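The structure appears below as structure tokens.
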Amino acid sequence: MCILTRMSIGHTLLGLLESGPRHGYDLKRAFDERFGHDRPLHYGQVYSTMSRLLKHGLVEVEAIEPGEGPERKRYAITEAGVTDVARWLATPEKPEPYLQSTLYTKVVLALLTRRDAADILDVQRAEHLRLMRDLTERKRTGDLADQLICDHALFHLEADLRWLELTAARLDRLAREVSA
Amino acid sequence: MRPGDSPRGVRRSRIQDLAMGVRFAVTGGREAWVRTLLTAVGVGLGVALLLLTAALPHALTQRHDRERARNDMTYTSLAEHRAEDTLLIATVDTTYRDQEVRGRLLQPEGRRPPLPPGVGRLPGRGTMVASPALRRLLAAPEGRLLSERLPYRVTGTIGQDGLVGPDDLAYYAGTTGLAVSAGAGAGQTVRVERIHAFGSVDQGGTTDPVLVLLVLIVFVALLMPVGVFIAAAVRFGGDRRDRRLAALRLLGADAATTRRVAAGEALAGALCGLAVGAVLFAAGRVLAGRISFYRVSVFPDDLMPAPALTALVAVAVPAASVAVTLLALRGVVIEPLGVVRATRPPRRRLWWRLLLPLGGIALLYPMIGQGPDHGDFNQALVVGGTVLLLMGVTALLPWIVEAAVARLGTGAPSWQLAVRRLQLNSGTAARTVNGIAVAVAGAIALHMLFAGVDGSYTRSSGNDLSRAQMEVYLPAADSPAEAARRLTAGDAAARATPLSVGVLGERAREPRRFLELTVGTCDALREVARVPACRDGDVFAVQDRSYDDDTLRTAKPGRVVYVDPGSAGSAGLAVAWRLPSGLKKAHTRADPSGYARGGVLVTPAALPAAAARALTGRVYVSLDRSVPDAPEIVRNTVAAVDPLADAREYVTHTESARYSSVRTGVFVGSCCVLLLIGASLLVSQLEQLRERRKLLSTLVAFGTRRSTLSLSVLWQTALPVGLGLGLACVVGLTLGAVLLRMVGATVTVDWADVAAMTGVSAAVVLLVTALSLPALVRMMRPEGLRTE
Amino acid sequence: MTAAEPLLTADGLCKSYGSTPALDGADFSIRPGEVVAVMGPSGSGKSTLLHCLAGIVVPDAGTITYRGDELSAMNDARRSALRRSDFGFVFQFGQLVPELTCAENVALPLRLGGTSRKEAARAALEWLRRLEVDDVAAQRPGAISGGQGQRVAVARALVTAPRVLFADEPTGALDSLNGERVMQLLTAAARDTDAAVVLVTHEARVAAYSDREVVVRDGRARDTARAA
Ligand SMILES: Nc1ncnc2c1ncn2[C@@H]1O[C@H](COP(=O)(O)OP(=O)(O)O)[C@@H](O)[C@H]1O
Ligand SMILES: [Mg+2]
């Protein structure tokens with residue numbers, strides 16, 4: 001599960017820099033600590049992103065420590081970078097209507113082929129619940145950040161489950177319309 | 001009020017608020033009209049009782065007037081001489097089982113005899129006109145013995161004008177052969193008079209102030225609980241009403257508006273109650289003609305509420321209901337999101353509550369010792385003081401319940417549930433118990449008062465029931481022996497002792513000394529005096545009767561005395577008789593009626609023949625109790641001997657008639673009031689249970705025993721009732737003591753009476769709890785767990 | 001856990017209210033320490049199933065076996081006694097006795113079972129502490145929040161150390177935060193005391209606290225774990 005898109009990784013790193021200049025590996029550690037629960041950043045990702053930001057003039061290299069490798073660079077945010085972070089934070093995310101397209105297709109196909117569509121829904125519900133159960137268990141053992149992130153996922157899954165319930169309740173009607 | 005509103009607009013909107021309340025009460029769904037119905041029935045019962053009270057004065061006067069109109073032996077109606085418009089009339093009242101039958105024999109002496117009220121034509125010889133109740137009785141199988149006693153054909157019915165109540169047993173029979181009685185024999189009750197009119201101008205006799213006091217207290221003690229009951233009825237279903245008003249607040253009504261809407265609802269309930277009360281009263285009026293309470297029946301026409309009192313009821317009841325509602329709302333903040341009750345209402349204050357009973361005592365205290373000998377009591381002070389004292393109960397009880405419950409510890413869960421509930425909301429409990437407490441306090445005071453004045457109104461009769469159980473009076477002196485013979489020949493009487501009695505004077509006219517004259521066989525004389533040796537022909541003088549100087553001074557051997565001496569009004573027979581020289585001495589002994597006679601005792605052979613007409617007969621009868629209806633058979637037997645005969649059953653006690661009728665009223669009233677209050681207790685109990693349906697189901701889910709919940713319901717009623725009864729006893733005894741001091745009687749407490757009184761109310765509580773148990777069981781079903 | 005014998009089983013339960021069938025052949029079983037969610041749309045018969053399992057309602061047909069005894073054959077008094085000693089209950093709302101303080105409410109089931117007042121009060125306080133509401137012990141239910149009230153109710157349900165805890169929409173009247181907290185505390189406490197939990201809910205997030213779910217649809221219970 002990817003929590004942040006590529007685009008927003010840049011903004012996130014910029015935001016981390018706002019509190020003060022950091023080395024590249026510092027940035028990676030700070031990012032992983034807070035946002036990288038599911039998938040930590042690769043070093044390569046950090047450097048490609050930083051070079052992109054450098055190109056756009058959003059960061060600058062403040063100092064290069066003695067030693068080898070690019071990881072010795074210390075990055076600082078520029079005025080333009082600060083403005084960019086502010087703009088990003090102020091812009092609402094585009095709501096993504098997540099169509100249950102695959103599942104919907106399965107249900108319709110089952111109805112068309114006279115299979116038990118309710119079974120599909122039930123199996124899916126069990127699967128959803130299994131996942132929710134895992135998340136809930138993780139919440140129990142994790143810290144606050146874990147809990148918030150898991151909750152986010154849980155609410156989404158719950159929404160899916162509601163759709164499953166609703167569809168299950170309307171299967172008869174759907175069957176009639178599909179076969180009509 | 002918005003600044004732009006004209007006063008008229010404001011007034012109109014206020015009236016609209018009221019109207020909205022009225023509409024809610026009637027059309028606000030099932031719940032609303034059930035509440036209105038409950039209130040209406042409750043208020044209706046109270047109003048009916050109030051109307052009945054308002055009708056009593058008129059009913060009593062009407063009865064009194066008709067009673068007076070049919071009076072026949074009064075000073076103003078007596079005639080000296082036979083004339084065209086005179087009538088001979090004989091009183092032949094009798095008793096049938098335990099009912100009194102008023103009987104008169106009529107014999108016109110001319111062509112224009114007076115007619116008794118309610119009678120169109122005088123009955124001819126051998127026929128009678130009878131009251132409807134008597135006609136029914138005679139026609140029914142249970143009247144068979146009575147119809148044997150009244151050998152007259154019924155030819156007419158006595159109209160309402162001639163009857164006191166619809167259940168009166170009365171008849172007028174036509175006869176011939178009556179003669180105005182010559183003698184005035186001692187204790188003679190059967191009289192024949194010559195009259196020219198019926199009715200008396202005024203019966204005379206002032207009302208005893210003590211009796212007036214009793215009546216006043218009875219009214220106050222019975223009406224106060226009715227008032228308390230009405231106040232409780234107005235608040236039936238108050239919690240749900242509050243919730244409805246909260247919904248109104250949500251729609252934007254302000255607090256004043258909700259109050260007015262509540263007032264409108266109360267008004268609607270009270271108005272419906274007035275209507276229900278009027279209907280109940282009308283129905284009760286019709287019923288009153290059909291049934292009789294303790295032998296008192298009333299004509300429906302007589303029950304006309306006094307217009308002024310009716311108007312007072314019609315205005316006061318709705319006004320009071322609105323006032324009570326507004327007062328009750330004072331402690332409740334109806335917030336938009338539900339009804340918020342201050343979790344802990346402010347502690348009740350004691351001092352003003354004490355003012356009421358103390359004020360009552362202060363009003364009554366100055367009248368202490370005024371007594372029956374020192375004139376009338378100030379009625380306003382009596383009523384005011386009593387009302388204040390009894391109101392003190394309603395004011396003190398909430399405080400006492402609160403204070404007592406706050407100190408109660410925890411016990412078993414049932415106890416804990418009840419106590420905690422009372423701690424949180426003791427007002428409701430106190431309110432429902434108030435009625436019972438006031439009723440009991442009043443009743444205790446009344447009972448004390450009655451017991452205290454008992455001595456002067458109830459007397460031991462002195463009758464010796466072991467020697468005889470009946471006494472027969474016969475107007476003619478020659479009939480007692482015949483009556484006794486027939487009685488002993490029949491099987492109702494085990495023994496019959498005949499005597500004749502008369503009066504002796506030392507002069508033929510207007511004697512100054514009177515001596516009793518008793519004639520009988522030696523055996524018979526031994527029933528009424530201690531007679532030594534006796535043979536027929538002996539004459540005795542009773543020596544040792546106290547206060548009887550006349551016998552000692554007059555009954556001397558050889559002295560001439562006069563049997564039935566003349567008096568200012570009548571000539572008398574004045575038969576001269578010389579007392580024999582062999583006059584013996586006898587000693588006094590109480591006769592079976594308890595009377596110890598003096599005078600002269602004569603065996604039949606010693607009495608001059610001419611004197612016999614001046615005597616009247618007396619037969620002491622010992623009944624054979626194994627014979628059913630023995631007293632009735634005795635009465636029939638003697639009636640056959642002489643229709644003017646009268647037979648009286650001995651009793652151990654006699655009561656003043658008026659006194660016993662007041663007491664009857666108290667009994668009837670207490671019954672009505674306790675039933676009424678029991679009903680209101682039941683209603684509030686059921687209401688509470690319905691409110692707690694969900695909670696009860698939950699507790700049952702937890703495995704709470706039904707007995708635990710039932711017990712907690714019982715405690716919840718029993719605790720405040722117990723406290724209420726305690727307070728009622730204190731106030732009742734205080735009031736009783738003050739009232740007794742007022743009439744100058746010694747203050748004694750009949751604890752058995754108090755116990756009985758409180759016991760009856762406790763029984764009402766148990767009954768109410770028992771009646772609410774089915775509802776409790778229903779509420780405990782799992783259906784209550786459902787979330788709507 | 002799977003090896004353990006079922007604690008409570010129901011077979012072919014049927015129950016109708018008038019002509020409405022609320023349960024129509026429902027099966028159910030739960031093992032000690034297990035948390036089973038009963039899910040399904042509203043009106044599907046979840047509460048009726050719970051009431052039958054707890055012996056509050058007698059089914060028209062079917063058997064319920066609790067630890068080898070047939071519950072459906074017991075009389076009302078025995079079932080009541082069983083509910084006092086072995087079962088605990090949490091409902092959606094309206095379950096605390098408004099006149100009693102929270103501590104007294106929690107102590108009530110113990111007192112009904114005959115525990116001494118002191119001992120009951122001690123246990124009540126202990127449970128209030130475990131559910132983090134010991135600060136409202138002396139308050140009445142009217143003066144505390146819904147979440148606190150529900151925690152008090154959970155404490156009351158668990159104070160008798162029941163073998164089965166029946167919870168009917170325990171978070172139904174709460175917001176998500178309070179609901180989460182109540183569920184966390186409830187499941188934690190049940191796990192500590194090894195109580196089985198029958199958790200009726202229509203919310204997936206609440207059901208996610210269970211070990212397994214049973215779906216009731218049209219009066220039939222369907223154990224998805226078994227079906228899978
Ligand atoms: N006491 C009752 N009387 C009548 N019908 C009832 C009663 N209890 C439940 N029902 C009906 O039985 C069905 C199942 O109810 P319930 O078990 O409460 O469902 P759920 O808890 O799943 O919402 C519903 O149709 C409901 O109306
Ligand atoms: Mg339900």
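Residues in the structure tokens are named by chain (A, B, ... in the order shown) and by number from 1 within that chain; ligands are numbered from 1 in the order shown.
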Problem - Who sits within 9 Å of Ala120 in chain C, only C-alpha atoms, same chain under 2 positions skipped, as a PyMOL selection string - result: chain C and resi 104+106-111+115-118+122-125+159
Exercise for the section: Kindly work out which residues sit at most 10 Å from ligand 2, using only C-alpha atoms and all ligand atoms, and give the list as number ranges by chain. Expected result: B: 785-788; C: 40-51, 91-92, 168-169, 172, 200-202
Exercise for the section: When you get a sec, could you note down which chain B residues fall within 6 Å of chain C, using only C-alpha atoms, as a VMD selection string? Expected result: chain B and resid 420 to 421 695 698 702 to 703
Expected file: the selected residues, N, CA and C atoms, as a PDB file, in the first residue's frame:
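What follows is the written file part04.pdb:
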ATOM      1  N   ARG B 420     -32.900   4.664  46.766  1.00  0.00           N
ATOM      2  CA  ARG B 420     -32.214   5.601  45.880  1.00  0.00           C
ATOM      3  C   ARG B 420     -33.206   6.354  45.005  1.00  0.00           C
ATOM      4  N   ARG B 421     -34.227   5.655  44.554  1.00  0.00           N
ATOM      5  CA  ARG B 421     -35.206   6.300  43.702  1.00  0.00           C
ATOM      6  C   ARG B 421     -35.930   7.389  44.490  1.00  0.00           C
ATOM      7  N   LEU B 695     -35.503  -0.147  31.513  1.00  0.00           N
ATOM      8  CA  LEU B 695     -34.622  -0.440  32.637  1.00  0.00           C
ATOM      9  C   LEU B 695     -35.003  -1.767  33.282  1.00  0.00           C
ATOM     10  N   THR B 698     -33.814  -4.594  31.240  1.00  0.00           N
ATOM     11  CA  THR B 698     -32.377  -4.778  31.387  1.00  0.00           C
ATOM     12  C   THR B 698     -32.058  -5.512  32.680  1.00  0.00           C
ATOM     13  N   PHE B 702     -30.199  -9.165  33.367  1.00  0.00           N
ATOM     14  CA  PHE B 702     -29.105  -9.409  34.295  1.00  0.00           C
ATOM     15  C   PHE B 702     -29.384 -10.563  35.236  1.00  0.00           C
ATOM     16  N   GLY B 703     -30.581 -11.061  35.194  1.00  0.00           N
ATOM     17  CA  GLY B 703     -30.916 -12.158  36.087  1.00  0.00           C
ATOM     18  C   GLY B 703     -31.508 -11.697  37.397  1.00  0.00           C
TER      19      GLY B 703
END
Exercise for the section: Could you find all residues in chain A that DSSP calls strand (DSSP E) from the backbone, and write them as a list in words? Expected result: Arg22, His23, Val59, Glu60, Val61, Glu62, Ala63, Ile64, Lys73, Arg74, Tyr75, Ala76 and Ile77 of chain A
Handout entry: Backbone DSSP call of alpha helix (DSSP H) for range 2-158 of chain A, listed as a PyMOL selection string
Key = chain A and resi 6-18+24-35+43-55+79-90+101-112+117-141+144-158
Handout entry: Counting only C-alpha atoms, chain A residues within 7 Å of chain C, as a ChimeraX atom specification
Key = /A:126,129,132-133,136,154,158
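Residue nearest Val82 in chain A within the list A:Glu33, A:Glu137, A:Glu18, A:Glu60: A:Glu18 [criterion: smallest interatomic distance, only C-alpha atoms].
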Fill in the blank from the handout: ligand 1 proximity check over B:Met779, B:Ile436, B:Ala328, B:Ala262, using only C-alpha atoms and all ligand atoms: winner is B:Met779
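Residues within 7 Å of Val85 in chain A, counting only C-alpha atoms and excluding same-chain residues fewer than 3 positions away, are A:His11, A:Leu14, A:Gly15, A:Gly81, A:Val82, A:Trp88, A:Leu89.
Residues in contact with Lys28 in chain A at 9 Å, where only C-alpha atoms are counted and same-chain residues fewer than 5 positions away are skipped, are listed as Leu13, His23, Glu33, Pro40, Leu41, His42, Tyr43 and Val46 of chain A.
Across the structure, CA of Gly237 in chain B and atom 2 (C, counted along the ligand's line) of ligand 1 are spaced 25.2 Å apart.
Reported to one decimal place, the separation of CA of Gly520 in chain B from CA of Asp548 in chain B is 21.2 Å.
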Practice task
Find the spatial neighbours of range 113-119 of chain A, counting only C-alpha atoms, within a cut-off of 12 Å - ignore same-chain residues fewer than 2 positions away - and output them as an MDAnalysis selection string.
Solution key: (chainID A and resid 103:111 121:126 164:172 174:176 178:179) or (chainID C and resid 217 222 224 227:228)
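Pairwise distance (CA of Val26 in chain B, CA of Gly269 in chain B) equals 8.8 Å.
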